[in-house]
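Colleague: One structure coming up, written as structure tokens, with questions to follow.
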Amino acid sequence: MAKNWWKILAVLIVMYTIVAGFLLPVPRLDILNETIRSLYFHVPIWFAMLFLMGVSVYSSIMYLGSNKAKQDIVAVESANTGIAFSVLGILTGMLWARYTWGTWWTTDTKLNGVAITFLIYTAYFILRSSIEDEQKKARISAIYNIFAFVMMIVFIMILPRMSASLHPGNGGNPAFGKFDLDNTMRLVFYPACIAWIMIGCWIAQLRIRMEVLSKKILYDETV
């Protein structure tokens with residue numbers, strides 16, 4: 001129980017943010033109206049994805065320096081969990097866009113960057129599945145993972161700030177500030193960011209343990 005306190009805390013905070021996210025008052029803004037509540041889910045999920053991809057690329061760098069198989073497993077399973085969170089981020093974003101922009105998808109710079117990033121990481125998993133030698137697979141995919149992470153930052157964080165974008169904080173469009181993200185929303189938003197990152201780490205940890213166990217069983221059977 002002592003080792004799992006953060007998991008219990010994560011679940012409790014997520015439950016709190018779901019209840020408070022739908023019941024607490026929000027600013028009455030033009031166009032957004034009640035859809036601003038999506039902020040409690042859409043943005044924290046993306047933060048969790050970015051964190052997991054950061055863990056993945058860090059583990060890939062560590063693998064290149066140590067050649068430890070555990071680092072490769074952490075890298076790939078963190079990326080697996082991160083890509084799952086990116087799908088959730090895309091779906092919640094599409095739902096939000098439908099009721100604010102009037103369409104499920106637009107040619108917005110950030111949205112296109114997200115789509116390209118998804119394809120880049122899809123190629124990462126395809127690359128891994130196409131190489132049979134474990135060490136070669138780990139080394140090549142680690143190098144590619146560094147490239148993928150850099151391109152992700154470029155496509156979803158740098159380019160949108162240099163061009164027109166409907167997203168807050170991009171292309172001269174102001175981010176959520178004191179006029180829309182009020183103190184009540186901060187009481188939900190910030191805990192939600194922390195909680196979803198913790199949930200992402202929990203899922204990644206489970207996947208890592210399962211992969212380590214499966215590799216151990218496989219190696220034991222081949223002896």
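Simple scheme: letters A, B, ... for chains in structure tokens order, numbers from 1 for residues in each chain, numbers from 1 for ligands in the order shown.
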Residues near Met15 in chain A, anyone? I mean within 12 Å using only C-alpha atoms, not counting same-chain ones fewer than 4 positions away, as a tab-separated table (two decimals) with N, CA and C atoms, in the first residue's frame.

Modeller:
chain	number	residue	atom	x	y	z
A	8	ILE	N	-3.48	5.65	-5.92
A	8	ILE	CA	-4.76	5.95	-5.27
A	8	ILE	C	-5.06	7.43	-5.36
A	9	LEU	N	-4.02	8.24	-5.13
A	9	LEU	CA	-4.18	9.70	-5.22
A	9	LEU	C	-4.57	10.12	-6.63
A	10	ALA	N	-3.97	9.51	-7.62
A	10	ALA	CA	-4.27	9.85	-9.01
A	10	ALA	C	-5.74	9.57	-9.34
A	11	VAL	N	-6.23	8.40	-8.91
A	11	VAL	CA	-7.63	8.04	-9.15
A	11	VAL	C	-8.57	9.02	-8.45
A	19	VAL	N	-16.02	15.25	-11.45
A	19	VAL	CA	-17.20	15.79	-10.77
A	19	VAL	C	-17.19	17.32	-10.77
A	20	ALA	N	-16.07	17.89	-10.33
A	20	ALA	CA	-15.95	19.35	-10.25
A	20	ALA	C	-15.98	19.97	-11.64
A	21	GLY	N	-15.42	19.25	-12.62
A	21	GLY	CA	-15.38	19.78	-13.98
A	21	GLY	C	-16.75	19.98	-14.58
A	22	PHE	N	-17.70	19.15	-14.18
A	22	PHE	CA	-19.06	19.27	-14.72
A	22	PHE	C	-19.99	20.10	-13.84
A	40	TYR	N	-10.64	20.76	-19.03
A	40	TYR	CA	-10.26	19.91	-17.91
A	40	TYR	C	-9.80	18.52	-18.35
A	41	PHE	N	-10.14	18.12	-19.57
A	41	PHE	CA	-9.83	16.78	-20.05
A	41	PHE	C	-8.87	16.80	-21.24
A	188	VAL	N	-9.50	23.10	-10.70
A	188	VAL	CA	-9.78	21.83	-11.37
A	188	VAL	C	-8.70	21.51	-12.40
A	191	PRO	N	-4.93	20.36	-10.93
A	191	PRO	CA	-4.96	18.98	-10.42
A	191	PRO	C	-5.19	17.95	-11.53
A	192	ALA	N	-6.01	18.32	-12.53
A	192	ALA	CA	-6.27	17.39	-13.64
A	192	ALA	C	-4.99	17.09	-14.41
A	195	ALA	N	-2.94	14.72	-12.29
A	195	ALA	CA	-3.56	13.40	-12.18
A	195	ALA	C	-3.42	12.59	-13.46
A	196	TRP	N	-3.64	13.21	-14.63
A	196	TRP	CA	-3.55	12.47	-15.88
A	196	TRP	C	-2.12	12.05	-16.19
A	199	ILE	N	-1.68	9.02	-14.06
A	199	ILE	CA	-2.39	7.88	-14.66
A	199	ILE	C	-1.59	7.33	-15.83

Colleague: Once you count only C-alpha atoms, what closest atom pair and distance in Å to one decimal does each residue of range 39-59 of chain A within 8 Å of range 142-165 of chain A have, with rows by chain and rising residue number, as CSV?

Modeller:
residue,atom,partner,partner_atom,distance
A:Met53,CA,A:Phe149,CA,7.0
A:Gly54,CA,A:Phe149,CA,7.6
A:Ser56,CA,A:Asn145,CA,7.8
A:Val57,CA,A:Ile146,CA,5.7

Colleague: Would you save the residues from that selection as a PDB file, in the first residue's frame, using N, CA and C atoms?

Modeller:
ATOM      1  N   MET A  53       6.090  10.896 -23.786  1.00  0.00           N
ATOM      2  CA  MET A  53       7.027  10.911 -24.906  1.00  0.00           C
ATOM      3  C   MET A  53       8.392  11.420 -24.452  1.00  0.00           C
ATOM      4  N   GLY A  54       8.386  12.333 -23.480  1.00  0.00           N
ATOM      5  CA  GLY A  54       9.648  12.796 -22.909  1.00  0.00           C
ATOM      6  C   GLY A  54      10.375  11.669 -22.191  1.00  0.00           C
ATOM      7  N   SER A  56      10.010   8.546 -22.873  1.00  0.00           N
ATOM      8  CA  SER A  56      10.409   7.612 -23.918  1.00  0.00           C
ATOM      9  C   SER A  56      11.726   8.020 -24.559  1.00  0.00           C
ATOM     10  N   VAL A  57      11.841   9.286 -24.951  1.00  0.00           N
ATOM     11  CA  VAL A  57      13.074   9.720 -25.622  1.00  0.00           C
ATOM     12  C   VAL A  57      14.255   9.724 -24.646  1.00  0.00           C
TER      13      VAL A  57
END

Colleague: Need to verify the contact set: Thr184 in chain A, 9 Å, only C-alpha atoms, exclusion of same-chain residues closer than 6 positions in sequence. Can you return it as a ChimeraX atom specification?

Modeller: /A:24-26

Colleague: Restricting the calculation to only C-alpha atoms, which member of A:Gln135, A:Thr107, A:Ser66, A:Thr122 is positioned closest to Ala84 in chain A?

Modeller: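 Result for the nearest residue to Ala84 in chain A: A:Thr122.
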
Colleague: Return the single residue from A:Leu12, A:Leu187, A:Leu64, A:Met94 that is closest to Lys136 in chain A, with distances computed using only C-alpha atoms.

Modeller: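 That would be A:Leu64, the residue with the smallest distance to Lys136 in chain A.
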
Colleague: Enumerate the residues of range 5-42 of chain A with a DSSP assignment of alpha helix (DSSP H), computed from the backbone, and present them as a ChimeraX atom specification.

Modeller: /A:5-23,39-42
